[in-house]
Amino acid sequence: MIRFWQKGFTLLEVLVALVILGLVLGGLFTEIQSQVDMRYQLQQRYMAQTVSWNRLMQQYQLLEEWMPARTNDDGESSGEMQIQGIDWYWQMSVQETFGEDFYRYQVETFSNEDLAGNSDGSLAAYFIAE
């Protein structure tokens with residue numbers, strides 16, 4: 001009796017392997033895409049916080065008279081700053097606190113001109129203004 005030994009995979013085994021490979025690769029690509037999205041969001045938040053920090057440091061320099069005053073004195077100010085080729089819009093508010101000459105400065109940063117929407121970043125600092 002002559003026996004032929006199987007030399008390869010059957011069609012069913014190949015299809016099962018392809019299905020498993022497809023599921024693994026699909027999950028992998030989904031995870032990679034979520035990591036890319038998260039990285040983009042973190043980069044946007046970092047740039048928004050950088051704009052807020054820069055504006056607060058400019059205000060601190062004004063209060064310490066390290067640079068000439070050129071902003072409004074009405075407690076609210078807003079402007080635009082460009083970081084990494086992106087225009088960022090910021091809005092600063094000043095609130096009195098319990099102490100004398102002690103103020104809370106808050107800067108909110110937006111990625112579009114609509115300053116009424118949700119801010120991309122917000123940062124606050126307390127300064128003594130004499």
# chains A, B, ... in the order shown; residues from 1 in each chain; ligands from 1
>>> residues_around(residues="segment 86-100 of chain A", least_positions_apart="6", cutoff="12 Å", atoms="only C-alpha atoms", output="number ranges by chain")
A: 43-45, 47-56, 58-59, 71-80, 106-130
>>> closest_residue(among="A:Gln33, A:Arg104, A:Trp5, A:Ile83", to="Tyr46 of chain A", atoms="only C-alpha atoms")
A:Ile83
>>> atom_distance(atom1="atom CA of Leu23 of chain A", atom2="atom CA of Asp37 of chain A")
21.3 Å
>>> atom_distance(atom1="atom CA of Gln84 of chain A", atom2="atom CA of Trp66 of chain A")
26.4 Å
>>> select_by_dssp(residues="chain A", states="strand (DSSP E or B)", output="ChimeraX atom specification")
/A:76-83,86-96,102-110,121-128
>>> select_by_dssp(residues="segment 28-127 of chain A", states="alpha helix (DSSP H)", output="VMD selection string")
chain A and resid 28 to 63
>>> write_last_selection(atoms="C-alpha atoms", output="PDB file, in the first residue's frame")
ATOM      1  CA  LEU A  28      -2.774  46.521  16.255  1.00  0.00           C
ATOM      2  CA  PHE A  29      -3.705  49.217  13.735  1.00  0.00           C
ATOM      3  CA  THR A  30      -6.540  50.423  15.983  1.00  0.00           C
ATOM      4  CA  GLU A  31      -4.143  50.736  18.917  1.00  0.00           C
ATOM      5  CA  ILE A  32      -1.555  52.571  16.822  1.00  0.00           C
ATOM      6  CA  GLN A  33      -4.209  55.036  15.627  1.00  0.00           C
ATOM      7  CA  SER A  34      -5.374  55.735  19.186  1.00  0.00           C
ATOM      8  CA  GLN A  35      -1.759  56.389  20.228  1.00  0.00           C
ATOM      9  CA  VAL A  36      -1.297  58.806  17.325  1.00  0.00           C
ATOM     10  CA  ASP A  37      -4.503  60.636  18.286  1.00  0.00           C
ATOM     11  CA  MET A  38      -3.413  60.843  21.923  1.00  0.00           C
ATOM     12  CA  ARG A  39      -0.013  62.197  20.912  1.00  0.00           C
ATOM     13  CA  TYR A  40      -1.671  64.904  18.810  1.00  0.00           C
ATOM     14  CA  GLN A  41      -3.968  65.892  21.684  1.00  0.00           C
ATOM     15  CA  LEU A  42      -1.053  66.043  24.122  1.00  0.00           C
ATOM     16  CA  GLN A  43       0.937  68.157  21.683  1.00  0.00           C
ATOM     17  CA  GLN A  44      -1.986  70.588  21.319  1.00  0.00           C
ATOM     18  CA  ARG A  45      -2.430  70.825  25.102  1.00  0.00           C
ATOM     19  CA  TYR A  46       1.307  71.382  25.562  1.00  0.00           C
ATOM     20  CA  MET A  47       1.348  74.220  23.029  1.00  0.00           C
ATOM     21  CA  ALA A  48      -1.754  75.794  24.616  1.00  0.00           C
ATOM     22  CA  GLN A  49      -0.114  75.640  28.055  1.00  0.00           C
ATOM     23  CA  THR A  50       3.048  77.165  26.584  1.00  0.00           C
ATOM     24  CA  VAL A  51       1.059  80.101  25.224  1.00  0.00           C
ATOM     25  CA  SER A  52      -0.613  80.593  28.623  1.00  0.00           C
ATOM     26  CA  TRP A  53       2.715  80.363  30.437  1.00  0.00           C
ATOM     27  CA  ASN A  54       4.381  82.838  28.056  1.00  0.00           C
ATOM     28  CA  ARG A  55       1.568  85.337  28.549  1.00  0.00           C
ATOM     29  CA  LEU A  56       1.701  85.016  32.347  1.00  0.00           C
ATOM     30  CA  MET A  57       5.466  85.566  32.303  1.00  0.00           C
ATOM     31  CA  GLN A  58       5.007  88.656  30.141  1.00  0.00           C
ATOM     32  CA  GLN A  59       2.516  89.953  32.695  1.00  0.00           C
ATOM     33  CA  TYR A  60       4.969  89.229  35.497  1.00  0.00           C
ATOM     34  CA  GLN A  61       7.688  91.137  33.656  1.00  0.00           C
ATOM     35  CA  LEU A  62       5.291  94.072  33.259  1.00  0.00           C
ATOM     36  CA  LEU A  63       4.481  94.048  36.965  1.00  0.00           C
TER      37      LEU A  63
END
>>> atom_distance(atom1="atom CA of Phe9 of chain A", atom2="atom CA of Gly22 of chain A")
18.3 Å
